[in-house]
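Novice: Below you'll find final04.cif; it's mmCIF, C-alpha atoms.
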data_final
loop_
_atom_site.label_atom_id
_atom_site.label_comp_id
_atom_site.auth_asym_id
_atom_site.auth_seq_id
_atom_site.Cartn_x
_atom_site.Cartn_y
_atom_site.Cartn_z
CA MET A 24 9.18 -47.16 22.14
CA ALA A 25 5.41 -47.15 21.75
CA LYS A 26 3.17 -47.57 18.73
CA ALA A 27 -0.33 -46.10 18.69
CA THR A 28 -3.27 -48.50 18.65
CA ASP A 29 -5.70 -48.05 15.76
CA PHE A 30 -9.16 -49.11 16.95
CA SER A 31 -10.76 -48.19 13.62
CA SER A 32 -9.36 -51.38 12.09
CA ARG A 33 -10.76 -53.61 14.81
CA PRO A 34 -14.19 -55.19 14.98
CA GLY A 35 -16.33 -54.13 17.94
CA ALA A 36 -14.61 -50.75 18.11
CA ALA A 37 -13.73 -49.99 21.74
CA GLY A 38 -15.79 -52.82 23.29
CA THR A 39 -17.54 -52.58 26.65
CA ILE A 40 -16.46 -52.45 30.29
CA GLY A 41 -14.33 -55.50 31.01
CA HIS A 42 -14.43 -56.61 27.38
CA ARG A 43 -12.01 -54.42 25.47
CA PRO A 44 -10.51 -55.51 22.15
CA VAL A 45 -6.98 -54.94 23.43
CA LYS A 46 -3.73 -56.85 23.31
CA VAL A 47 -1.47 -57.85 26.16
CA GLY A 48 1.08 -55.11 26.76
CA GLU A 49 -1.05 -52.30 25.39
CA TRP A 50 -1.16 -49.15 27.45
CA PHE A 51 -4.33 -47.12 27.90
CA TYR A 52 -5.60 -44.27 29.99
CA PHE A 53 -8.64 -44.40 32.27
CA LYS A 54 -9.74 -40.84 32.84
CA ASN A 55 -11.67 -39.42 35.76
CA HIS A 56 -14.48 -36.94 35.26
CA PRO A 57 -13.38 -33.70 33.51
CA GLN A 58 -14.37 -31.74 36.65
CA TYR A 59 -12.10 -33.80 38.91
CA PRO A 60 -9.17 -31.31 38.81
CA SER A 61 -11.56 -28.47 39.71
CA LYS A 62 -13.18 -30.38 42.54
CA HIS A 63 -9.96 -31.87 43.91
CA PRO A 64 -7.04 -29.57 42.92
CA GLY A 65 -3.83 -31.57 43.11
CA GLY A 66 -5.75 -34.78 43.70
CA SER A 67 -4.02 -37.99 42.64
CA TRP A 68 -7.06 -39.63 41.03
CA GLN A 69 -7.29 -37.60 37.78
CA GLY A 70 -6.86 -40.82 35.89
CA GLU A 71 -4.89 -44.00 35.63
CA ASN A 72 -2.34 -45.10 33.03
CA ALA A 73 -2.66 -48.87 32.82
CA ILE A 74 -1.13 -51.72 30.89
CA TYR A 75 -3.31 -54.63 29.83
CA LEU A 76 -2.11 -57.86 31.45
CA GLY A 77 -4.49 -60.31 29.77
CA VAL A 78 -7.33 -62.47 31.09
CA SER A 79 -6.87 -63.91 34.57
CA GLY A 80 -9.60 -65.69 36.51
CA GLY A 81 -11.92 -65.12 33.53
CA GLN A 82 -11.60 -61.35 33.66
CA GLN A 83 -9.49 -58.78 31.84
CA LYS A 84 -6.85 -57.45 34.21
CA TRP A 85 -4.89 -54.23 34.15
CA SER A 86 -1.91 -52.88 35.97
CA GLY A 87 -1.70 -49.18 36.64
CA PHE A 88 0.60 -47.02 38.66
CA GLY A 89 -0.78 -47.99 42.03
CA ALA A 90 -3.64 -50.22 40.96
CA ASP A 91 -2.03 -53.54 40.20
CA ASP A 92 -3.84 -56.57 38.76
CA VAL A 93 -7.31 -55.03 38.77
CA THR A 94 -10.35 -55.09 36.52
CA GLU A 95 -11.58 -52.11 34.54
CA ARG A 96 -14.68 -52.03 36.73
CA TYR A 97 -12.49 -51.77 39.83
CA MET A 98 -10.68 -48.78 38.34
CA LEU A 99 -13.93 -47.07 37.33
CA ASN A 100 -15.34 -47.55 40.81
CA LYS A 101 -12.22 -46.04 42.37
CA LEU A 102 -12.33 -43.04 40.01
CA VAL A 103 -15.97 -42.47 40.95
CA GLN A 104 -15.28 -42.99 44.66
CA PHE A 105 -12.49 -40.43 44.75
CA TYR A 106 -14.41 -37.95 42.62
CA ASN A 107 -17.35 -38.18 45.04
CA ARG A 108 -15.26 -37.43 48.11
CA PRO A 109 -16.34 -34.21 49.81
CA ALA A 110 -14.69 -30.98 48.69
CA PRO A 111 -16.10 -28.22 50.94
CA SER A 112 -15.11 -25.23 48.85
CA TRP A 113 -16.36 -26.59 45.56
CA HIS A 114 -19.59 -25.30 44.05
CA CYS A 115 -19.69 -26.66 40.49
CA THR A 116 -21.75 -29.58 39.23
CA PRO A 117 -21.86 -32.50 39.26
CA GLN A 118 -21.19 -32.98 42.95
CA ARG A 119 -21.70 -36.70 42.66
CA ILE A 120 -21.17 -39.03 39.71
CA THR A 121 -21.81 -42.68 38.84
CA ILE A 122 -19.96 -44.92 36.39
CA ASP A 123 -22.61 -44.07 33.82
CA THR A 124 -22.22 -40.30 34.20
CA LEU A 125 -18.44 -40.65 34.30
CA ILE A 126 -18.51 -42.34 30.89
CA ALA A 127 -21.20 -40.03 29.48
CA ASP A 128 -19.04 -37.02 30.36
CA GLY A 129 -15.96 -38.40 28.63
CA GLY A 130 -14.22 -40.28 31.43
CA GLY A 131 -13.37 -43.95 31.82
CA PHE A 132 -11.53 -46.00 29.19
CA GLN A 133 -9.91 -43.73 26.60
CA ALA A 134 -9.87 -45.78 23.42
CA THR A 135 -7.70 -43.34 21.52
CA THR A 136 -4.82 -43.51 23.99
CA GLY A 137 -3.75 -47.07 23.20
CA LYS A 138 -0.09 -47.71 22.60
CA GLN A 139 1.71 -50.99 22.16
CA LEU A 140 4.93 -50.98 24.14
CA ASN A 141 7.94 -52.21 22.23
CA ILE A 142 9.82 -54.16 24.87
CA SER A 143 13.06 -54.38 22.90
CA GLU A 144 13.19 -50.58 22.55
CA VAL A 145 12.45 -50.16 26.26
CA GLN A 146 15.26 -52.58 27.10
CA ALA A 147 17.64 -50.75 24.75
CA LEU A 148 17.28 -47.62 26.89
CA LYS A 149 18.91 -49.37 29.87
CA MET B 6 -24.25 -73.58 72.45
CA SER B 7 -24.72 -70.39 70.47
CA PHE B 8 -26.71 -70.37 67.25
CA THR B 9 -25.56 -66.89 66.33
CA PRO B 10 -23.54 -66.52 63.10
CA SER B 11 -19.92 -65.64 63.73
CA ALA B 12 -16.90 -64.36 61.82
CA SER B 13 -13.22 -64.09 62.58
CA ALA B 14 -10.45 -62.64 60.45
CA ARG B 15 -6.74 -62.35 60.23
CA ARG B 16 -4.85 -59.85 58.10
CA ARG B 17 -2.02 -61.61 56.28
CA ALA B 18 -0.52 -58.84 54.19
CA ALA B 19 -0.87 -55.21 53.16
CA VAL B 20 0.04 -53.98 49.68
CA ASP B 21 0.44 -50.28 48.90
CA MET B 22 -1.81 -49.08 46.08
CA ARG B 23 -2.20 -45.51 44.85
CA PRO B 24 -2.41 -43.31 47.95
CA PRO B 25 -4.45 -43.34 50.05
CA LEU B 26 -5.36 -46.93 49.19
CA VAL B 27 -3.83 -49.97 50.79
CA ARG B 28 -4.94 -53.45 49.78
CA LEU B 29 -5.27 -55.89 52.67
CA MET B 30 -5.12 -59.64 52.12
CA VAL B 31 -7.39 -61.21 54.71
CA ASP B 32 -8.22 -64.75 55.81
CA LEU B 33 -11.75 -65.26 57.13
CA ARG B 34 -13.68 -67.93 58.95
CA LEU B 35 -17.45 -67.71 58.68
CA SER B 36 -19.73 -69.94 60.71
CA ASN B 37 -23.47 -70.42 60.60
CA PRO B 38 -24.33 -72.64 63.59
CA GLY B 39 -28.10 -72.19 63.32
CA ASP B 40 -30.55 -74.31 61.34
CA ALA B 41 -31.39 -71.84 58.59
CA ARG B 42 -29.34 -70.71 55.59
CA ARG B 43 -27.69 -67.35 55.92
CA TRP B 44 -25.95 -64.97 53.58
CA PHE B 45 -22.60 -63.56 54.66
CA LEU B 46 -21.66 -60.26 53.03
CA VAL B 47 -18.02 -59.19 53.32
CA PRO B 48 -17.32 -55.57 52.23
CA ASP B 49 -14.57 -55.21 49.60
CA ALA B 50 -13.38 -52.03 51.33
CA ILE B 51 -13.10 -50.93 54.93
CA SER B 52 -15.19 -47.89 55.63
CA SER B 53 -15.99 -45.96 58.79
CA ALA B 54 -19.67 -46.42 57.96
CA VAL B 55 -21.25 -49.81 57.44
CA GLN B 56 -22.00 -49.95 53.75
CA VAL B 57 -23.50 -52.76 51.74
CA GLY B 58 -24.48 -51.33 48.36
CA PRO B 59 -25.12 -49.67 46.06
CA VAL B 60 -23.63 -52.00 43.47
CA ASN B 61 -23.63 -52.24 39.66
CA GLY B 62 -23.87 -56.03 39.31
CA ALA B 63 -21.89 -59.14 40.13
CA SER B 64 -19.27 -61.58 38.93
CA VAL B 65 -19.23 -65.14 40.25
CA THR B 66 -16.26 -67.46 40.76
CA GLU B 67 -16.18 -71.03 42.06
CA LEU B 68 -13.14 -71.13 44.28
CA VAL B 69 -10.48 -73.82 44.36
CA GLY B 70 -9.82 -75.65 47.59
CA SER B 71 -11.49 -78.26 49.74
CA GLY B 72 -15.26 -78.09 49.36
CA ARG B 73 -17.29 -76.04 46.94
CA VAL B 74 -17.37 -72.26 47.46
CA PRO B 75 -19.26 -70.11 44.93
CA LEU B 76 -18.22 -66.52 45.62
CA ALA B 77 -20.08 -63.57 44.17
CA HIS B 78 -18.39 -60.19 44.02
CA PHE B 79 -21.01 -57.46 43.86
CA GLU B 80 -18.99 -54.46 42.67
CA GLY B 81 -19.88 -50.83 43.13
CA GLN B 82 -19.56 -47.92 45.55
CA GLY B 83 -20.68 -50.25 48.34
CA GLY B 84 -19.14 -53.42 46.94
CA PHE B 85 -19.04 -56.72 48.79
CA PHE B 86 -18.37 -60.43 48.48
CA ALA B 87 -21.33 -62.76 49.13
CA LEU B 88 -21.45 -66.34 50.35
CA LEU B 89 -24.49 -68.46 51.21
CA LEU B 90 -23.97 -70.91 54.07
CA GLU B 91 -26.32 -73.73 55.03
CA GLY B 92 -27.27 -74.13 58.68
CA GLY B 93 -24.33 -75.77 60.45
CA ALA B 94 -21.81 -74.72 57.79
CA SER B 95 -18.38 -73.28 58.44
CA VAL B 96 -16.21 -71.88 55.65
CA ARG B 97 -12.62 -70.74 55.73
CA LEU B 98 -11.91 -68.21 53.00
CA ARG B 99 -8.32 -67.17 52.35
CA ASP B 100 -6.75 -64.29 50.39
CA VAL B 101 -9.76 -62.01 50.38
CA SER B 102 -8.80 -58.63 48.95
CA VAL B 103 -10.11 -55.71 51.03
CA ASP B 104 -9.21 -52.09 50.30
CA SER B 105 -8.27 -49.87 53.19
CA ASP B 106 -7.77 -46.13 53.10
CA PHE B 107 -5.40 -44.29 55.38
CA GLU B 108 -7.44 -41.09 55.01
CA GLU B 109 -10.24 -42.97 56.77
CA PRO B 110 -8.25 -44.91 59.32
CA SER B 111 -10.85 -47.42 60.42
CA HIS B 112 -9.59 -50.98 60.68
CA VAL B 113 -12.81 -52.68 61.59
CA LEU B 114 -14.38 -54.88 58.95
CA THR B 115 -18.11 -55.22 59.41
CA ILE B 116 -19.48 -58.42 57.91
CA VAL B 117 -23.24 -58.70 57.55
CA ALA B 118 -25.10 -61.97 58.10
CA ALA B 119 -28.64 -61.90 56.74
CA ALA B 120 -31.50 -64.32 56.25
CA ALA B 121 -32.30 -62.85 52.83
CA VAL B 122 -30.60 -60.42 50.47
CA VAL B 123 -32.14 -58.60 47.52
CA VAL B 124 -29.98 -56.72 45.01
CA GLY B 125 -31.94 -54.31 42.85
CA ASP B 126 -35.24 -56.16 42.38
CA ARG B 127 -33.76 -59.67 42.39
CA PRO B 128 -32.88 -62.10 45.18
CA ALA B 129 -29.11 -62.42 45.58
CA ALA B 130 -29.23 -66.03 44.35
CA ALA B 131 -30.64 -64.88 41.01
CA TRP B 132 -27.35 -63.12 40.26
CA TYR B 133 -25.55 -66.47 40.19
CA ASP B 134 -25.58 -68.86 37.24
CA VAL B 135 -24.79 -71.74 39.59
CA ASP B 136 -26.14 -73.05 42.89
CA PRO B 137 -24.96 -70.37 45.37
CA VAL B 138 -24.78 -72.65 48.44
CA CYS B 139 -21.32 -73.39 49.84
CA ASP B 140 -20.41 -76.85 51.09
CA ALA B 141 -20.90 -77.32 54.82
CA GLU B 142 -17.15 -77.54 55.39
CA ALA B 143 -14.88 -75.72 52.98
CA ASN B 144 -11.48 -74.09 52.84
CA ALA B 145 -10.69 -72.12 49.69
CA SER B 146 -8.66 -69.22 48.35
CA ALA B 147 -10.47 -66.20 46.93
CA ALA B 148 -7.44 -65.63 44.70
CA ASP B 149 -7.86 -68.90 42.82
CA GLY B 150 -11.00 -70.11 41.13
CA ARG B 151 -13.03 -70.85 38.02
CA PHE B 152 -14.83 -67.83 36.64
CA VAL B 153 -18.52 -68.69 36.23
CA GLY B 154 -19.87 -65.49 34.75
CA GLU B 155 -20.99 -61.96 35.38
CA ARG B 156 -24.19 -59.96 35.30
CA TYR B 157 -23.89 -56.20 34.90
CA PRO B 158 -27.02 -54.44 33.63
CA GLU B 159 -26.58 -51.92 30.86
CA ASP B 160 -26.16 -48.27 31.88
CA ASN B 161 -24.46 -49.38 35.12
CA PRO B 162 -27.37 -48.61 37.47
CA GLU B 163 -26.61 -48.15 41.16
CA LEU B 164 -28.60 -51.00 42.70
CA GLU B 165 -29.68 -50.80 46.31
CA VAL B 166 -29.26 -53.82 48.55
CA GLY B 167 -32.10 -54.98 50.80
CA LEU B 168 -31.45 -57.14 53.86
CA GLN B 169 -33.77 -59.24 55.98
CA ASP B 170 -33.00 -60.23 59.57
CA ALA B 171 -29.49 -58.77 59.31
CA LEU B 172 -26.81 -59.01 61.95
CA GLU B 173 -23.50 -57.10 61.95
CA LEU B 174 -20.35 -59.05 62.81
CA THR B 175 -17.31 -56.85 63.42
CA VAL B 176 -13.73 -58.03 63.16
CA ASP B 177 -10.66 -55.92 63.88
CA LEU B 178 -7.93 -56.16 61.23
CA GLY B 179 -5.42 -53.93 63.02
CA ALA B 180 -4.05 -50.58 61.93
CA THR B 181 -3.06 -50.17 58.26
CA GLY B 182 0.33 -48.78 59.17
CA ASP B 183 1.36 -51.89 61.13
#
Just give me the structure as structure tokens.
Specialist:
Amino acid sequence: MAKATDFSSRPGAAGTIGHRPVKVGEWFYFKNHPQYPSKHPGGSWQGENAIYLGVSGGQQKWSGFGADDVTERYMLNKLVQFYNRPAPSWHCTPQRITIDTLIADGGGFQATTGKQLNISEVQALK
Amino acid sequence: MSFTPSASARRRAAVDMRPPLVRLMVDLRLSNPGDARRWFLVPDAISSAVQVGPVNGASVTELVGSGRVPLAHFEGQGGFFALLLEGGASVRLRDVSVDSDFEEPSHVLTIVAAAAVVVGDRPAAAWYDVDPVCDAEANASAADGRFVGERYPEDNPELEVGLQDALELTVDLGATGD
């Protein structure tokens, strides 16, 4: 149903924010900060599975489960926003992150998660 | 006759996103009846606190409709859309996407009108690759336009936004659960 994406064979490796070397229909994961589950137990913004829709209005657009037709930068900002929400009983660091610290700590676009959906196999399941 | 900038808004639709987010589609009318140019900053999310910035950079689109409307979207934790109106200009902007959050149930959108705006260490106009001034009369959809370009500095710095002679214009979009 899904075939893994091999970035090692692609020029530019994983690209940059908003400029990923991805194909329409590929499915990737955008991960929140590794401390998100500790800071917000049960929180719904641990990460976002998203399918690449292509370029629209000059920008790469993604559709996730609850974040439809959005840019990568939009998703990163939402991950940061929900990480930074107050959590009174939480004492670990970092208490506040930025897009840069999110990425530095292993969050954001997860290049190794890419899978190409095989539409005919998905349809065959119906 | 008043020379004070004004704004009115109407919420056209609400789309459920991942909880607690709801995306509102909003139509706006922005008017600058004075003589001087003014920036109008429309937050891309409703918040209980007025927040313009910090942002990471901007993307610019020239919208499709009657009249020319260059729209900059400064994205970040205090993201906003920016338009520059000449004195006497009035712009109708349709299909503006504004995030609302039912954990913070404010439904007041606070638009900022300012004589000058600085983002990071650059005037707002320097973030555009085109003339940022809107036509004096324009009616355009924010959902349809020609992408001009984007400027996002490396390392995604959180850039503060400086305002000069700023005025807050509040518009009520109604409760999210309507």
Novice: Kindly resolve the PyMOL selection byres ((chain A and resi 83) around 9) on the present coordinates and return the residues as a list in words.
Specialist: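 Going through the file, the PyMOL selection byres ((chain A and resi 83) around 9) ends up selecting Gly41, His42, Arg43, Tyr75, Leu76, Gly77, Val78, Ser79, Gly80, Gly81, Gln82, Lys84, Trp85, Val93, Thr94 and Glu95 of chain A.
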Novice: Around (-33.3, -56.0, 45.5) in the file's own coordinates, what residues are found within 8 Å if you use only C-alpha atoms, given back as a tab-separated table (two decimals) with C-alpha atoms, in the coordinates of the input?
Specialist:
chain	number	residue	atom	x	y	z
B	122	VAL	CA	-30.60	-60.42	50.47
B	123	VAL	CA	-32.14	-58.60	47.52
B	124	VAL	CA	-29.98	-56.72	45.01
B	125	GLY	CA	-31.94	-54.31	42.85
B	126	ASP	CA	-35.24	-56.16	42.38
B	127	ARG	CA	-33.76	-59.67	42.39
B	128	PRO	CA	-32.88	-62.10	45.18
B	129	ALA	CA	-29.11	-62.42	45.58
B	164	LEU	CA	-28.60	-51.00	42.70
B	165	GLU	CA	-29.68	-50.80	46.31
B	166	VAL	CA	-29.26	-53.82	48.55
B	167	GLY	CA	-32.10	-54.98	50.80
Novice: Name the closest residue to chain A among the candidates B:Asn61, B:Ser95, B:Ser111, B:Ser11; distances are taken between atoms, counting only C-alpha atoms.
Specialist: B:Asn61
Novice: Contacts of B:Arg17 at 10 Å or less, counting all atoms listed in the file, minus same-chain residues fewer than 4 places along, as a count of residues only?
Specialist: 8
Novice: Do you have, as a Markdown table, the list of residues of chain B lying at most 8 Å from chain A, each with its nearest atom pair and that distance in Å to one decimal, counting all atoms listed in the file and ordered by chain then number?
Specialist:
| residue | atom | partner | partner_atom | distance |
| --- | --- | --- | --- | --- |
| B:Asp21 | CA | A:Gly89 | CA | 7.3 |
| B:Met22 | CA | A:Gly89 | CA | 4.3 |
| B:Arg23 | CA | A:Gly89 | CA | 4.0 |
| B:Pro24 | CA | A:Ser67 | CA | 7.7 |
| B:Glu80 | CA | A:Tyr97 | CA | 7.6 |
| B:Gly81 | CA | A:Asn100 | CA | 6.1 |
| B:Gln82 | CA | A:Asn100 | CA | 6.4 |
| B:Asp149 | CA | A:Gly80 | CA | 7.3 |
| B:Gly150 | CA | A:Gly80 | CA | 6.5 |
| B:Arg151 | CA | A:Gly80 | CA | 6.4 |
| B:Phe152 | CA | A:Gly81 | CA | 5.0 |
| B:Val153 | CA | A:Gly81 | CA | 8.0 |
| B:Asp160 | CA | A:Asp123 | CA | 5.8 |
| B:Asn161 | CA | A:Asp123 | CA | 5.8 |
| B:Pro162 | CA | A:Asp123 | CA | 7.5 |
| B:Glu163 | CA | A:Thr121 | CA | 7.6 |
Novice: Spell out the residues picked by the PyMOL selection byres ((chain A and resi 119) around 9) here, as a PyMOL selection string.
Specialist: chain A and resi 103+106-108+116-118+120-121
Novice: Could you write out as an MDAnalysis selection string the residues that the PyMOL selection byres ((chain B and resi 137) around 10) matches in the shown file?
Specialist: chainID B and resid 44 65 67 73:77 87:90 129:136 138:140
Novice: Would you mind reading off the distance between atom CA of B:Leu174 and atom CA of B:Pro10, one decimal, in Å?
Specialist: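 That distance, rounded to one decimal, is 8.1 Å.
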Novice: Taking (-14.9, -78.3, 50.0) in the file's own coordinates, collect the residues within 9 Å, counting only C-alpha atoms, and hand them back as a CSV table (one decimal) with C-alpha atoms, in the coordinates of the input.
Specialist:
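Resulting contents of result.csv:
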chain,number,residue,atom,x,y,z
B,69,VAL,CA,-10.5,-73.8,44.4
B,70,GLY,CA,-9.8,-75.6,47.6
B,71,SER,CA,-11.5,-78.3,49.7
B,72,GLY,CA,-15.3,-78.1,49.4
B,73,ARG,CA,-17.3,-76.0,46.9
B,74,VAL,CA,-17.4,-72.3,47.5
B,96,VAL,CA,-16.2,-71.9,55.6
B,139,CYS,CA,-21.3,-73.4,49.8
B,140,ASP,CA,-20.4,-76.8,51.1
B,141,ALA,CA,-20.9,-77.3,54.8
B,142,GLU,CA,-17.2,-77.5,55.4
B,143,ALA,CA,-14.9,-75.7,53.0
B,144,ASN,CA,-11.5,-74.1,52.8
B,145,ALA,CA,-10.7,-72.1,49.7
Novice: Nearest residue to A:His114 out of A:Phe53, A:Ser61, A:Gly131, A:Val47, using all atoms listed in the file?
Specialist: A:Ser61
Novice: Let me make sure I understand: among B:Ala14, B:Phe85, B:Thr9, B:Thr66, which one has the smallest atom-to-atom distance to B:Ser146 if we use only C-alpha atoms?
Specialist: B:Thr66
Novice: Could you work out how far atom CA of B:Gln56 lies from atom CA of A:Gly70, giving the answer in Å with one decimal?
Specialist: 25.1 Å
Novice: To one decimal place, how far is atom CA of B:Ala120 from atom CA of B:Ala54 in Å?
Specialist: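 Interatomic distance, atom CA of B:Ala120 to atom CA of B:Ala54: 21.5 Å.
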Novice: From the set A:Phe51, A:Pro44, A:His56, A:Ala36, which residue has the shortest atom-to-atom contact distance to A:Phe105, counting all atoms listed in the file?
Specialist: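 Ranked by minimum distance to A:Phe105, first place goes to A:His56.
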Novice: Output requested as a PDB file, in the coordinates of the input - stretch 123-141 of chain B, filled out with N, CA and C atoms.
Specialist:
ATOM      1  N   VAL B 123     -31.602 -58.968  48.824  1.00  0.00           N
ATOM      2  CA  VAL B 123     -32.140 -58.600  47.520  1.00  0.00           C
ATOM      3  C   VAL B 123     -31.248 -57.509  46.932  1.00  0.00           C
ATOM      4  N   VAL B 124     -30.819 -57.704  45.685  1.00  0.00           N
ATOM      5  CA  VAL B 124     -29.980 -56.720  45.010  1.00  0.00           C
ATOM      6  C   VAL B 124     -30.766 -56.178  43.815  1.00  0.00           C
ATOM      7  N   GLY B 125     -31.030 -54.870  43.843  1.00  0.00           N
ATOM      8  CA  GLY B 125     -31.940 -54.310  42.850  1.00  0.00           C
ATOM      9  C   GLY B 125     -33.320 -54.903  43.132  1.00  0.00           C
ATOM     10  N   ASP B 126     -33.929 -55.529  42.141  1.00  0.00           N
ATOM     11  CA  ASP B 126     -35.240 -56.160  42.380  1.00  0.00           C
ATOM     12  C   ASP B 126     -35.142 -57.684  42.332  1.00  0.00           C
ATOM     13  N   ARG B 127     -33.910 -58.219  42.497  1.00  0.00           N
ATOM     14  CA  ARG B 127     -33.760 -59.670  42.390  1.00  0.00           C
ATOM     15  C   ARG B 127     -33.118 -60.233  43.657  1.00  0.00           C
ATOM     16  N   PRO B 128     -33.564 -61.432  44.076  1.00  0.00           N
ATOM     17  CA  PRO B 128     -32.880 -62.100  45.180  1.00  0.00           C
ATOM     18  C   PRO B 128     -31.410 -62.314  44.825  1.00  0.00           C
ATOM     19  N   ALA B 129     -30.552 -62.292  45.841  1.00  0.00           N
ATOM     20  CA  ALA B 129     -29.110 -62.420  45.580  1.00  0.00           C
ATOM     21  C   ALA B 129     -28.802 -63.677  44.773  1.00  0.00           C
ATOM     22  N   ALA B 130     -29.502 -64.768  45.052  1.00  0.00           N
ATOM     23  CA  ALA B 130     -29.230 -66.030  44.350  1.00  0.00           C
ATOM     24  C   ALA B 130     -29.450 -65.922  42.850  1.00  0.00           C
ATOM     25  N   ALA B 131     -30.329 -65.017  42.433  1.00  0.00           N
ATOM     26  CA  ALA B 131     -30.640 -64.880  41.010  1.00  0.00           C
ATOM     27  C   ALA B 131     -29.494 -64.231  40.231  1.00  0.00           C
ATOM     28  N   TRP B 132     -28.502 -63.708  40.942  1.00  0.00           N
ATOM     29  CA  TRP B 132     -27.350 -63.120  40.260  1.00  0.00           C
ATOM     30  C   TRP B 132     -26.292 -64.172  39.938  1.00  0.00           C
ATOM     31  N   TYR B 133     -26.486 -65.380  40.470  1.00  0.00           N
ATOM     32  CA  TYR B 133     -25.550 -66.470  40.190  1.00  0.00           C
ATOM     33  C   TYR B 133     -26.071 -67.272  38.982  1.00  0.00           C
ATOM     34  N   ASP B 134     -25.169 -67.903  38.272  1.00  0.00           N
ATOM     35  CA  ASP B 134     -25.580 -68.860  37.240  1.00  0.00           C
ATOM     36  C   ASP B 134     -25.355 -70.281  37.718  1.00  0.00           C
ATOM     37  N   VAL B 135     -25.002 -70.426  38.983  1.00  0.00           N
ATOM     38  CA  VAL B 135     -24.790 -71.740  39.590  1.00  0.00           C
ATOM     39  C   VAL B 135     -25.486 -71.757  40.943  1.00  0.00           C
ATOM     40  N   ASP B 136     -25.592 -72.937  41.537  1.00  0.00           N
ATOM     41  CA  ASP B 136     -26.140 -73.050  42.890  1.00  0.00           C
ATOM     42  C   ASP B 136     -25.251 -72.214  43.826  1.00  0.00           C
ATOM     43  N   PRO B 137     -25.807 -71.258  44.560  1.00  0.00           N
ATOM     44  CA  PRO B 137     -24.960 -70.370  45.370  1.00  0.00           C
ATOM     45  C   PRO B 137     -24.537 -70.946  46.719  1.00  0.00           C
ATOM     46  N   VAL B 138     -25.039 -72.134  47.084  1.00  0.00           N
ATOM     47  CA  VAL B 138     -24.780 -72.650  48.440  1.00  0.00           C
ATOM     48  C   VAL B 138     -23.384 -73.251  48.541  1.00  0.00           C
ATOM     49  N   CYS B 139     -22.649 -72.832  49.578  1.00  0.00           N
ATOM     50  CA  CYS B 139     -21.320 -73.390  49.840  1.00  0.00           C
ATOM     51  C   CYS B 139     -21.464 -74.768  50.504  1.00  0.00           C
ATOM     52  N   ASP B 140     -20.449 -75.594  50.352  1.00  0.00           N
ATOM     53  CA  ASP B 140     -20.410 -76.850  51.090  1.00  0.00           C
ATOM     54  C   ASP B 140     -20.338 -76.569  52.588  1.00  0.00           C
ATOM     55  N   ALA B 141     -20.804 -77.528  53.374  1.00  0.00           N
ATOM     56  CA  ALA B 141     -20.900 -77.320  54.820  1.00  0.00           C
ATOM     57  C   ALA B 141     -19.525 -77.105  55.457  1.00  0.00           C
TER      58      ALA B 141
END
